[in-house]
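Q: File name query-v3.pdb; file contents PDB, C-alpha atoms; full text below.
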```pdb
ATOM      1  CA  MET A   1     117.895 -14.951  85.986  1.00  0.00           C
ATOM      2  CA  SER A   2     117.823 -17.999  88.291  1.00  0.00           C
ATOM      3  CA  LYS A   3     120.625 -18.792  90.706  1.00  0.00           C
ATOM      4  CA  ARG A   4     121.425 -21.931  88.738  1.00  0.00           C
ATOM      5  CA  LEU A   5     121.998 -19.996  85.508  1.00  0.00           C
ATOM      6  CA  THR A   6     124.029 -17.399  87.373  1.00  0.00           C
ATOM      7  CA  ARG A   7     126.316 -20.088  88.779  1.00  0.00           C
ATOM      8  CA  ILE A   8     126.728 -21.628  85.326  1.00  0.00           C
ATOM      9  CA  LEU A   9     127.631 -18.288  83.758  1.00  0.00           C
ATOM     10  CA  ILE A  10     130.112 -17.450  86.520  1.00  0.00           C
ATOM     11  CA  ARG A  11     131.856 -20.825  86.270  1.00  0.00           C
ATOM     12  CA  PHE A  12     132.188 -20.669  82.498  1.00  0.00           C
ATOM     13  CA  PHE A  13     133.324 -17.048  82.643  1.00  0.00           C
ATOM     14  CA  ILE A  14     136.033 -17.813  85.186  1.00  0.00           C
ATOM     15  CA  THR A  15     137.218 -20.828  83.202  1.00  0.00           C
ATOM     16  CA  ILE A  16     137.398 -18.866  79.945  1.00  0.00           C
ATOM     17  CA  VAL A  17     139.283 -16.014  81.638  1.00  0.00           C
ATOM     18  CA  ILE A  18     141.804 -18.483  83.099  1.00  0.00           C
ATOM     19  CA  VAL A  19     142.374 -20.149  79.711  1.00  0.00           C
ATOM     20  CA  LEU A  20     142.812 -16.809  77.924  1.00  0.00           C
ATOM     21  CA  ALA A  21     145.091 -15.530  80.682  1.00  0.00           C
ATOM     22  CA  PHE A  22     147.236 -18.641  80.325  1.00  0.00           C
ATOM     23  CA  GLY A  23     147.492 -18.080  76.575  1.00  0.00           C
ATOM     24  CA  GLY A  24     148.351 -14.413  77.134  1.00  0.00           C
ATOM     25  CA  ILE A  25     151.079 -15.279  79.641  1.00  0.00           C
ATOM     26  CA  ILE A  26     152.611 -17.744  77.180  1.00  0.00           C
ATOM     27  CA  SER A  27     152.527 -15.052  74.475  1.00  0.00           C
ATOM     28  CA  LEU A  28     154.369 -12.641  76.761  1.00  0.00           C
ATOM     29  CA  TYR A  29     156.862 -15.343  77.671  1.00  0.00           C
ATOM     30  CA  THR A  30     157.662 -16.083  74.015  1.00  0.00           C
ATOM     31  CA  GLY A  31     158.789 -12.468  73.632  1.00  0.00           C
ATOM     32  CA  THR A  32     161.792 -13.260  75.839  1.00  0.00           C
ATOM     33  CA  LEU A  33     162.845 -16.260  73.755  1.00  0.00           C
ATOM     34  CA  SER A  34     165.167 -16.370  70.786  1.00  0.00           C
ATOM     35  CA  GLU A  35     163.768 -16.321  67.257  1.00  0.00           C
ATOM     36  CA  GLU A  36     164.550 -20.004  66.851  1.00  0.00           C
ATOM     37  CA  GLN A  37     162.632 -20.898  70.007  1.00  0.00           C
ATOM     38  CA  GLN A  38     159.706 -18.673  69.011  1.00  0.00           C
ATOM     39  CA  ASP A  39     159.375 -20.624  65.757  1.00  0.00           C
ATOM     40  CA  GLU A  40     158.793 -23.905  67.582  1.00  0.00           C
ATOM     41  CA  VAL A  41     155.374 -25.391  66.892  1.00  0.00           C
ATOM     42  CA  LEU A  42     154.367 -25.872  70.513  1.00  0.00           C
ATOM     43  CA  ILE A  43     155.273 -22.307  71.465  1.00  0.00           C
ATOM     44  CA  LYS A  44     153.217 -20.897  68.586  1.00  0.00           C
ATOM     45  CA  ALA A  45     150.333 -23.296  69.145  1.00  0.00           C
ATOM     46  CA  VAL A  46     149.613 -22.531  72.800  1.00  0.00           C
ATOM     47  CA  PRO A  47     147.989 -19.067  72.315  1.00  0.00           C
ATOM     48  CA  PHE A  48     145.933 -20.349  69.368  1.00  0.00           C
ATOM     49  CA  VAL A  49     144.777 -23.402  71.319  1.00  0.00           C
ATOM     50  CA  ALA A  50     143.847 -21.170  74.262  1.00  0.00           C
ATOM     51  CA  VAL A  51     141.626 -19.001  72.052  1.00  0.00           C
ATOM     52  CA  PHE A  52     140.128 -22.090  70.391  1.00  0.00           C
ATOM     53  CA  ILE A  53     139.328 -23.700  73.744  1.00  0.00           C
ATOM     54  CA  SER A  54     137.740 -20.448  74.927  1.00  0.00           C
ATOM     55  CA  ILE A  55     135.466 -20.375  71.870  1.00  0.00           C
ATOM     56  CA  VAL A  56     134.477 -24.006  72.449  1.00  0.00           C
ATOM     57  CA  LEU A  57     133.762 -23.283  76.120  1.00  0.00           C
ATOM     58  CA  ALA A  58     131.619 -20.281  75.174  1.00  0.00           C
ATOM     59  CA  PHE A  59     129.637 -22.450  72.762  1.00  0.00           C
ATOM     60  CA  ILE A  60     129.188 -25.143  75.402  1.00  0.00           C
ATOM     61  CA  CYS A  61     127.983 -22.431  77.775  1.00  0.00           C
ATOM     62  CA  VAL A  62     125.320 -21.418  75.245  1.00  0.00           C
ATOM     63  CA  ILE A  63     124.204 -25.043  74.938  1.00  0.00           C
ATOM     64  CA  VAL A  64     123.942 -25.443  78.704  1.00  0.00           C
ATOM     65  CA  ILE A  65     122.036 -22.176  79.154  1.00  0.00           C
ATOM     66  CA  VAL A  66     119.524 -23.037  76.422  1.00  0.00           C
ATOM     67  CA  ALA A  67     119.079 -26.558  77.772  1.00  0.00           C
ATOM     68  CA  VAL A  68     118.526 -25.357  81.338  1.00  0.00           C
ATOM     69  CA  THR A  69     116.276 -22.438  80.382  1.00  0.00           C
ATOM     70  CA  LEU A  70     113.985 -24.303  77.966  1.00  0.00           C
ATOM     71  CA  GLU A  71     114.154 -27.814  79.401  1.00  0.00           C
ATOM     72  CA  GLY A  72     110.711 -29.410  79.197  1.00  0.00           C
ATOM     73  CA  LYS A  73     109.072 -26.149  78.049  1.00  0.00           C
ATOM     74  CA  VAL A  74     109.008 -26.501  74.246  1.00  0.00           C
ATOM     75  CA  PRO A  75     106.007 -28.492  72.953  1.00  0.00           C
ATOM     76  CA  LEU A  76     106.682 -31.148  70.350  1.00  0.00           C
ATOM     77  CA  ARG A  77     104.494 -29.224  67.870  1.00  0.00           C
ATOM     78  CA  SER A  78     107.300 -26.646  67.663  1.00  0.00           C
ATOM     79  CA  TYR A  79     110.317 -28.711  68.698  1.00  0.00           C
ATOM     80  CA  ARG A  80     110.033 -31.178  65.804  1.00  0.00           C
ATOM     81  CA  PRO A  81     109.494 -28.586  63.019  1.00  0.00           C
ATOM     82  CA  ILE A  82     112.492 -26.568  64.211  1.00  0.00           C
ATOM     83  CA  GLU A  83     114.564 -29.746  64.308  1.00  0.00           C
ATOM     84  CA  PHE A  84     113.507 -30.668  60.758  1.00  0.00           C
ATOM     85  CA  MET A  85     114.226 -27.128  59.517  1.00  0.00           C
ATOM     86  CA  LEU A  86     117.753 -27.260  60.914  1.00  0.00           C
ATOM     87  CA  ILE A  87     118.311 -30.640  59.277  1.00  0.00           C
ATOM     88  CA  ALA A  88     117.022 -29.185  56.004  1.00  0.00           C
ATOM     89  CA  GLY A  89     119.469 -26.295  56.440  1.00  0.00           C
ATOM     90  CA  ILE A  90     122.325 -28.783  56.897  1.00  0.00           C
ATOM     91  CA  LEU A  91     121.320 -30.656  53.737  1.00  0.00           C
ATOM     92  CA  LEU A  92     120.957 -27.379  51.833  1.00  0.00           C
ATOM     93  CA  GLY A  93     124.408 -26.253  52.976  1.00  0.00           C
ATOM     94  CA  VAL A  94     125.994 -29.570  52.006  1.00  0.00           C
ATOM     95  CA  THR A  95     124.329 -29.351  48.587  1.00  0.00           C
ATOM     96  CA  GLY A  96     125.729 -25.849  48.142  1.00  0.00           C
ATOM     97  CA  LEU A  97     129.219 -27.026  49.077  1.00  0.00           C
ATOM     98  CA  PHE A  98     129.253 -29.941  46.651  1.00  0.00           C
ATOM     99  CA  GLN A  99     127.632 -28.308  43.639  1.00  0.00           C
ATOM    100  CA  GLY A 100     130.137 -27.261  40.984  1.00  0.00           C
ATOM    101  CA  TRP A 101     128.350 -24.548  39.042  1.00  0.00           C
ATOM    102  CA  LYS A 102     128.305 -21.338  41.070  1.00  0.00           C
ATOM    103  CA  LEU A 103     131.049 -20.126  43.404  1.00  0.00           C
ATOM    104  CA  PHE A 104     128.744 -17.873  45.423  1.00  0.00           C
ATOM    105  CA  VAL A 105     126.472 -20.869  46.153  1.00  0.00           C
ATOM    106  CA  TYR A 106     129.517 -22.680  47.530  1.00  0.00           C
ATOM    107  CA  GLU A 107     130.395 -19.715  49.756  1.00  0.00           C
ATOM    108  CA  PHE A 108     126.902 -19.263  51.147  1.00  0.00           C
ATOM    109  CA  GLY A 109     126.412 -23.021  51.362  1.00  0.00           C
ATOM    110  CA  PHE A 110     129.243 -23.115  53.874  1.00  0.00           C
ATOM    111  CA  LEU A 111     127.636 -20.334  55.953  1.00  0.00           C
ATOM    112  CA  VAL A 112     124.230 -22.057  55.883  1.00  0.00           C
ATOM    113  CA  LEU A 113     125.833 -25.361  56.860  1.00  0.00           C
ATOM    114  CA  LEU A 114     127.794 -23.755  59.695  1.00  0.00           C
ATOM    115  CA  PHE A 115     124.758 -21.938  61.113  1.00  0.00           C
ATOM    116  CA  SER A 116     122.440 -24.959  60.775  1.00  0.00           C
ATOM    117  CA  LEU A 117     124.977 -27.358  62.263  1.00  0.00           C
ATOM    118  CA  LEU A 118     125.741 -25.169  65.277  1.00  0.00           C
ATOM    119  CA  ALA A 119     122.039 -24.470  65.844  1.00  0.00           C
ATOM    120  CA  PHE A 120     121.244 -28.194  65.574  1.00  0.00           C
ATOM    121  CA  MET A 121     123.925 -29.009  68.130  1.00  0.00           C
ATOM    122  CA  VAL A 122     122.316 -26.553  70.539  1.00  0.00           C
ATOM    123  CA  TRP A 123     118.761 -27.687  69.792  1.00  0.00           C
ATOM    124  CA  SER A 124     119.542 -31.403  70.043  1.00  0.00           C
ATOM    125  CA  HIS A 125     120.692 -30.920  73.656  1.00  0.00           C
ATOM    126  CA  LEU A 126     117.317 -29.446  74.582  1.00  0.00           C
ATOM    127  CA  GLN A 127     114.848 -31.791  76.240  1.00  0.00           C
ATOM    128  CA  PRO A 128     111.385 -31.069  74.766  1.00  0.00           C
ATOM    129  CA  MET A 129     108.129 -31.191  76.638  1.00  0.00           C
ATOM    130  CA  PRO A 130     107.030 -34.789  77.364  1.00  0.00           C
ATOM    131  CA  LEU A 131     104.632 -36.334  74.877  1.00  0.00           C
ATOM    132  CA  ARG A 132     101.665 -36.539  77.253  1.00  0.00           C
ATOM    133  CA  GLN A 133     102.158 -32.977  78.404  1.00  0.00           C
ATOM    134  CA  SER A 134     102.522 -31.778  74.813  1.00  0.00           C
ATOM    135  CA  ARG A 135      99.239 -33.422  73.867  1.00  0.00           C
ATOM    136  CA  ASN A 136      97.487 -31.631  76.721  1.00  0.00           C
ATOM    137  CA  THR A 137      98.884 -28.225  75.771  1.00  0.00           C
ATOM    138  CA  PRO A 138      96.065 -25.881  74.679  1.00  0.00           C
ATOM    139  CA  PRO A 139      95.978 -25.286  70.916  1.00  0.00           C
ATOM    140  CA  LEU A 140      97.557 -22.178  69.488  1.00  0.00           C
ATOM    141  CA  SER A 141      95.256 -19.227  69.045  1.00  0.00           C
ATOM    142  CA  ARG A 142      94.785 -17.391  65.775  1.00  0.00           C
ATOM    143  CA  GLN A 143      96.502 -14.386  67.315  1.00  0.00           C
ATOM    144  CA  ALA A 144      99.603 -16.472  68.070  1.00  0.00           C
ATOM    145  CA  HIS A 145      99.760 -17.648  64.457  1.00  0.00           C
ATOM    146  CA  ILE A 146      99.228 -14.148  63.073  1.00  0.00           C
ATOM    147  CA  ILE A 147     101.891 -12.571  65.275  1.00  0.00           C
ATOM    148  CA  GLY A 148     104.295 -15.399  64.503  1.00  0.00           C
ATOM    149  CA  VAL A 149     103.764 -15.022  60.756  1.00  0.00           C
ATOM    150  CA  GLY A 150     104.084 -11.229  60.968  1.00  0.00           C
ATOM    151  CA  VAL A 151     107.383 -11.334  62.859  1.00  0.00           C
ATOM    152  CA  ALA A 152     108.695 -14.108  60.594  1.00  0.00           C
ATOM    153  CA  LEU A 153     107.868 -12.094  57.467  1.00  0.00           C
ATOM    154  CA  ALA A 154     109.652  -9.086  58.940  1.00  0.00           C
ATOM    155  CA  VAL A 155     112.742 -11.197  59.705  1.00  0.00           C
ATOM    156  CA  TRP A 156     112.618 -12.774  56.242  1.00  0.00           C
ATOM    157  CA  ALA A 157     112.348  -9.385  54.517  1.00  0.00           C
ATOM    158  CA  ALA A 158     115.095  -7.821  56.658  1.00  0.00           C
ATOM    159  CA  THR A 159     117.464 -10.761  56.169  1.00  0.00           C
ATOM    160  CA  ALA A 160     116.862 -10.926  52.421  1.00  0.00           C
ATOM    161  CA  PHE A 161     117.211  -7.148  52.056  1.00  0.00           C
ATOM    162  CA  PHE A 162     120.496  -7.104  53.949  1.00  0.00           C
ATOM    163  CA  VAL A 163     122.036 -10.095  52.149  1.00  0.00           C
ATOM    164  CA  ILE A 164     120.866  -8.968  48.698  1.00  0.00           C
ATOM    165  CA  GLY A 165     122.095  -5.418  49.240  1.00  0.00           C
ATOM    166  CA  ASP A 166     125.411  -6.517  50.721  1.00  0.00           C
ATOM    167  CA  ASN A 167     126.157  -8.725  47.709  1.00  0.00           C
ATOM    168  CA  ARG A 168     125.227  -6.262  44.981  1.00  0.00           C
ATOM    169  CA  PRO A 169     127.836  -6.573  42.178  1.00  0.00           C
ATOM    170  CA  ALA A 170     130.482  -3.874  41.989  1.00  0.00           C
ATOM    171  CA  ALA A 171     133.763  -3.356  40.178  1.00  0.00           C
ATOM    172  CA  PRO A 172     136.076  -5.230  39.694  1.00  0.00           C
ATOM    173  CA  TYR A 173     133.387  -7.983  39.675  1.00  0.00           C
ATOM    174  CA  ASP A 174     135.588 -10.756  41.117  1.00  0.00           C
ATOM    175  CA  VAL A 175     138.153 -10.578  38.301  1.00  0.00           C
ATOM    176  CA  GLY A 176     140.817  -8.893  40.421  1.00  0.00           C
ATOM    177  CA  GLN A 177     141.673  -5.226  40.557  1.00  0.00           C
ATOM    178  CA  THR A 178     144.876  -5.528  38.535  1.00  0.00           C
ATOM    179  CA  LEU A 179     143.247  -7.538  35.755  1.00  0.00           C
ATOM    180  CA  TRP A 180     140.244  -5.198  35.762  1.00  0.00           C
ATOM    181  CA  GLU A 181     142.452  -2.190  35.115  1.00  0.00           C
ATOM    182  CA  TYR A 182     143.877  -3.826  31.988  1.00  0.00           C
ATOM    183  CA  LYS A 183     140.418  -4.403  30.501  1.00  0.00           C
ATOM    184  CA  ASN A 184     139.114  -2.019  27.849  1.00  0.00           C
ATOM    185  CA  ASP A 185     135.720  -0.357  28.137  1.00  0.00           C
ATOM    186  CA  GLU A 186     133.968  -2.969  26.011  1.00  0.00           C
ATOM    187  CA  GLU A 187     135.303  -5.854  28.074  1.00  0.00           C
ATOM    188  CA  LYS A 188     134.405  -4.074  31.297  1.00  0.00           C
ATOM    189  CA  ALA A 189     130.856  -3.516  30.054  1.00  0.00           C
ATOM    190  CA  GLN A 190     130.526  -7.194  29.154  1.00  0.00           C
ATOM    191  CA  ILE A 191     131.795  -8.304  32.561  1.00  0.00           C
ATOM    192  CA  LYS A 192     129.406  -5.887  34.264  1.00  0.00           C
ATOM    193  CA  ASP A 193     126.424  -7.174  32.253  1.00  0.00           C
ATOM    194  CA  GLU A 194     127.282 -10.791  33.085  1.00  0.00           C
ATOM    195  CA  ALA A 195     127.637  -9.977  36.788  1.00  0.00           C
ATOM    196  CA  ASP A 196     124.329  -8.075  36.843  1.00  0.00           C
ATOM    197  CA  SER A 197     122.582 -10.928  35.022  1.00  0.00           C
ATOM    198  CA  GLU A 198     123.878 -13.523  37.494  1.00  0.00           C
ATOM    199  CA  TYR A 199     122.893 -11.259  40.373  1.00  0.00           C
ATOM    200  CA  ARG A 200     119.299 -10.908  39.178  1.00  0.00           C
ATOM    201  CA  ASN A 201     118.722 -14.454  37.917  1.00  0.00           C
ATOM    202  CA  ALA A 202     120.747 -16.553  40.337  1.00  0.00           C
ATOM    203  CA  LYS A 203     121.911 -14.726  43.455  1.00  0.00           C
ATOM    204  CA  ILE A 204     118.683 -12.970  44.423  1.00  0.00           C
ATOM    205  CA  PRO A 205     116.555 -16.192  44.279  1.00  0.00           C
ATOM    206  CA  VAL A 206     119.174 -18.065  46.336  1.00  0.00           C
ATOM    207  CA  PHE A 207     119.353 -15.282  48.931  1.00  0.00           C
ATOM    208  CA  VAL A 208     115.562 -15.187  49.194  1.00  0.00           C
ATOM    209  CA  LEU A 209     115.535 -18.959  49.745  1.00  0.00           C
ATOM    210  CA  ILE A 210     118.272 -18.838  52.381  1.00  0.00           C
ATOM    211  CA  SER A 211     116.432 -16.079  54.260  1.00  0.00           C
ATOM    212  CA  LEU A 212     113.486 -18.435  54.806  1.00  0.00           C
ATOM    213  CA  LEU A 213     115.511 -20.480  57.306  1.00  0.00           C
ATOM    214  CA  PRO A 214     115.818 -17.848  60.081  1.00  0.00           C
ATOM    215  CA  ALA A 215     112.280 -16.646  59.331  1.00  0.00           C
ATOM    216  CA  GLY A 216     110.876 -20.142  59.859  1.00  0.00           C
ATOM    217  CA  LEU A 217     112.748 -20.572  63.136  1.00  0.00           C
ATOM    218  CA  VAL A 218     111.436 -17.207  64.338  1.00  0.00           C
ATOM    219  CA  TYR A 219     107.855 -18.141  63.448  1.00  0.00           C
ATOM    220  CA  PHE A 220     107.802 -21.267  65.604  1.00  0.00           C
ATOM    221  CA  GLY A 221     109.524 -19.501  68.476  1.00  0.00           C
ATOM    222  CA  VAL A 222     107.351 -16.376  68.473  1.00  0.00           C
ATOM    223  CA  ARG A 223     104.056 -18.243  68.282  1.00  0.00           C
ATOM    224  CA  GLU A 224     104.959 -20.297  71.366  1.00  0.00           C
ATOM    225  CA  ILE A 225     106.040 -17.175  73.250  1.00  0.00           C
ATOM    226  CA  VAL A 226     102.728 -15.479  72.408  1.00  0.00           C
ATOM    227  CA  ALA A 227     100.804 -18.597  73.404  1.00  0.00           C
ATOM    228  CA  ALA A 228     102.644 -18.737  76.736  1.00  0.00           C
ATOM    229  CA  GLN A 229     101.813 -15.070  77.403  1.00  0.00           C
ATOM    230  CA  GLN A 230      98.153 -15.800  76.763  1.00  0.00           C
ATOM    231  CA  ARG A 231      98.168 -18.436  79.528  1.00  0.00           C
ATOM    232  CA  PRO A 232      99.804 -16.561  82.428  1.00  0.00           C
ATOM    233  CA  GLY A 233      97.852 -18.463  85.076  1.00  0.00           C
ATOM    234  CA  GLN A 234      98.772 -21.925  83.902  1.00  0.00           C
ATOM    235  CA  ARG A 235     101.084 -24.032  86.023  1.00  0.00           C
ATOM    236  CA  ILE A 236     102.743 -27.282  84.962  1.00  0.00           C
ATOM    237  CA  LEU A 237     102.654 -30.434  87.057  1.00  0.00           C
ATOM    238  CA  PRO A 238     105.834 -32.248  85.999  1.00  0.00           C
ATOM    239  CA  VAL A 239     104.948 -35.501  87.810  1.00  0.00           C
ATOM    240  CA  GLU A 240     101.692 -36.139  86.043  1.00  0.00           C
ATOM    241  CA  GLY A 241     102.818 -34.294  82.924  1.00  0.00           C
ATOM    242  CA  VAL A 242      99.525 -32.406  82.578  1.00  0.00           C
ATOM    243  CA  ALA A 243      99.052 -28.655  82.333  1.00  0.00           C
ATOM    244  CA  VAL A 244      96.524 -27.534  84.938  1.00  0.00           C
ATOM    245  CA  PRO A 245      95.226 -23.944  85.236  1.00  0.00           C
ATOM    246  CA  SER A 246      95.878 -22.447  88.638  1.00  0.00           C
ATOM    247  CA  ASP A 247      93.070 -21.017  90.707  1.00  0.00           C
TER     248      ASP A 247
END
```
Is it possible to express this structure as structure tokens?

A:
Amino acid sequence: MSKRLTRILIRFFITIVIVLAFGGIISLYTGTLSEEQQDEVLIKAVPFVAVFISIVLAFICVIVIVAVTLEGKVPLRSYRPIEFMLIAGILLGVTGLFQGWKLFVYEFGFLVLLFSLLAFMVWSHLQPMPLRQSRNTPPLSRQAHIIGVGVALAVWAATAFFVIGDNRPAAPYDVGQTLWEYKNDEEKAQIKDEADSEYRNAKIPVFVLISLLPAGLVYFGVREIVAAQQRPGQRILPVEGVAVPSD
């Protein structure tokens, strides 16, 4: 880790600790107040705001670290596809939120939108490799493509398997435990059949589609990492913007 990244991490860490400590001190102080004073909005809001600010600072820290680490190192051949995939994820999430047919699509649409939006915010702060330098980057080898596809397929399969298995229908099938207990065996069997049918015909295809997003991001990232490992002797001249092999 470079000294610059170390300084960034230390500064953010100290700032977050100070903010959380301030919120903790206020929480301890409220314990000495009367119940009426504890119910005041400002007194209750300070610890929450401290935690919220800490989360925002941690996210900003991630953005800064990614920007500093990958600044000028990602060729446009991978930067643009990843950017378009994140935009597609945002549009897919918005579509899931505003459709009015399936509740589970709404729920997962929010998660897809949240992930894609946060990832896009990070990615948009990254300065890609200059155009001239990107054009002079050696083409990707077949091995880089194969390894990228292999890792992406593994990520896609693992993500789909986890999401599909985690959302397998089980009693009381979203009807509420109390209401489920009042159902007779015939009604329970009908509810179970409907839930299983929706799971097979609607949920599984949607989960498989959603799992393509992280798999695609992994593919573009892995192939560039493999390509960089295959050119260990290459040095970059930032002034001219041309990659020149070192002697």

Q: I'd like the contact shell of range 166-180 of chain A - 10 Å cut-off, all atoms listed in the file, skipping same-chain residues fewer than 3 positions apart - returned as a list in words.

A: Phe104, Ala160, Phe161, Phe162, Val163, Lys183, Asn184, Glu187, Lys188, Ile191, Lys192, Glu194, Ala195, Asp196, Ser197, Glu198, Tyr199, Arg200, Lys203, Ile204 and Phe207 of chain A

Q: What do you get, as JSON, numbers by chain, if you spell out every residue that the PyMOL selection byres ((chain A and resi 220) around 8) selects here?

A: {"A": [78, 81, 82, 148, 216, 217, 218, 219, 221, 222, 223, 224]}

Q: Apply the PyMOL selection byres ((chain A and resi 96) around 6) to the structure shown and report the selected residues as a ChimeraX atom specification.

A: /A:93-95,97-99,105-106,109

Q: Take the residues that were just selected and, keeping C-alpha atoms, output them as a short mmCIF file (atom, residue, chain, number, x, y, z; two decimals), in the coordinates of the input.

A:
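Saved the output as out.cif:
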```cif
data_model
loop_
_atom_site.label_atom_id
_atom_site.label_comp_id
_atom_site.auth_asym_id
_atom_site.auth_seq_id
_atom_site.Cartn_x
_atom_site.Cartn_y
_atom_site.Cartn_z
CA GLY A 93 124.41 -26.25 52.98
CA VAL A 94 125.99 -29.57 52.01
CA THR A 95 124.33 -29.35 48.59
CA LEU A 97 129.22 -27.03 49.08
CA PHE A 98 129.25 -29.94 46.65
CA GLN A 99 127.63 -28.31 43.64
CA VAL A 105 126.47 -20.87 46.15
CA TYR A 106 129.52 -22.68 47.53
CA GLY A 109 126.41 -23.02 51.36
#
```

Q: Name the residues, using the chain letters and numbers of the file, that sit within 12 Å of (125.0, -22.9, 59.1) when counting only C-alpha atoms, and give them as a PyMOL selection string.

A: chain A and resi 85-94+96-97+107-121+210-211+213-214

Q: Spell out the residues picked by the PyMOL selection byres ((chain A and resi 56-63) around 10) here, as a list in words.

A: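 Against this file, the PyMOL selection byres ((chain A and resi 56-63) around 10) returns the residues Ile8, Leu9, Arg11, Phe12, Phe13, Thr15, Ile16, Val19, Ala50, Val51, Phe52, Ile53, Ser54, Ile55, Val64, Ile65, Val66, Ala67, Val68, Thr69, Leu118, Ala119, Met121, Val122, Trp123, Ser124, His125 and Leu126 of chain A.
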
Q: Just how far from CA of Arg7 in chain A is CA of Val226 in chain A, in Å to one decimal?

A: 29.1 Å

Q: To one decimal place in Å, what is the distance between CA of His145 in chain A and CA of Pro75 in chain A?

A: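 Answer for the CA of His145 in chain A to CA of Pro75 in chain A separation: 15.1 Å.
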
Q: Specify the axis-aligned box that encloses all atoms of range 129-132 of chain A listed in the file after padding of 8 Å on each side, stating its centre and edge lengths in Å to one decimal as JSON.

A:
```
{"center_x": 104.9, "center_y": -33.9, "center_z": 76.1, "size_x": 22.5, "size_y": 21.3, "size_z": 18.5}
```

Q: Kindly give the distance, in Å, that separates CA of Trp101 in chain A and CA of Glu181 in chain A, rounded to a single decimal.

A: 26.7 Å

Q: Point out the residue among A:Ile18, A:Tyr29, A:Ala227, A:Pro47 with the least atom-to-atom distance to Pro138 in chain A, counting all atoms listed in the file.

A: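 Closest residue, counting all atoms listed in the file: A:Ala227.
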
Q: Between A:Val49, A:Ile225, A:Glu71, A:Lys102, which is the closest to Val206 in chain A once you count all atoms listed in the file?

A: A:Lys102

Q: How would range 56-72 of chain A look with N, CA and C atoms restored, written as a compact mmCIF listing (two decimals), keeping the file's coordinate frame?

A:
```txt
# COMPACT_ATOMS: atom_id res chain seq x y z
N VAL A 56 135.23 -22.77 72.21
CA VAL A 56 134.48 -24.01 72.45
C VAL A 56 133.75 -23.93 73.79
N LEU A 57 134.40 -23.41 74.81
CA LEU A 57 133.76 -23.28 76.12
C LEU A 57 132.58 -22.32 76.07
N ALA A 58 132.72 -21.23 75.31
CA ALA A 58 131.62 -20.28 75.17
C ALA A 58 130.43 -20.93 74.47
N PHE A 59 130.71 -21.75 73.46
CA PHE A 59 129.64 -22.45 72.76
C PHE A 59 128.96 -23.48 73.67
N ILE A 60 129.76 -24.19 74.45
CA ILE A 60 129.19 -25.14 75.40
C ILE A 60 128.33 -24.42 76.42
N CYS A 61 128.76 -23.23 76.83
CA CYS A 61 127.98 -22.43 77.78
C CYS A 61 126.62 -22.08 77.19
N VAL A 62 126.59 -21.72 75.91
CA VAL A 62 125.32 -21.42 75.24
C VAL A 62 124.42 -22.65 75.25
N ILE A 63 124.99 -23.80 74.94
CA ILE A 63 124.20 -25.04 74.94
C ILE A 63 123.60 -25.31 76.31
N VAL A 64 124.41 -25.17 77.35
CA VAL A 64 123.94 -25.44 78.70
C VAL A 64 122.84 -24.46 79.11
N ILE A 65 123.02 -23.19 78.79
CA ILE A 65 122.04 -22.18 79.15
C ILE A 65 120.71 -22.44 78.46
N VAL A 66 120.76 -22.74 77.16
CA VAL A 66 119.52 -23.04 76.42
C VAL A 66 118.85 -24.28 76.98
N ALA A 67 119.64 -25.31 77.25
CA ALA A 67 119.08 -26.56 77.77
C ALA A 67 118.42 -26.35 79.13
N VAL A 68 119.07 -25.58 80.00
CA VAL A 68 118.53 -25.36 81.34
C VAL A 68 117.31 -24.45 81.28
N THR A 69 117.36 -23.41 80.44
CA THR A 69 116.28 -22.44 80.38
C THR A 69 115.01 -23.02 79.78
N LEU A 70 115.15 -23.82 78.71
CA LEU A 70 113.98 -24.30 77.97
C LEU A 70 113.68 -25.78 78.20
N GLU A 71 114.35 -26.39 79.16
CA GLU A 71 114.15 -27.81 79.40
C GLU A 71 112.69 -28.11 79.74
N GLY A 72 112.09 -28.99 78.96
CA GLY A 72 110.71 -29.41 79.20
C GLY A 72 109.66 -28.35 78.93
```
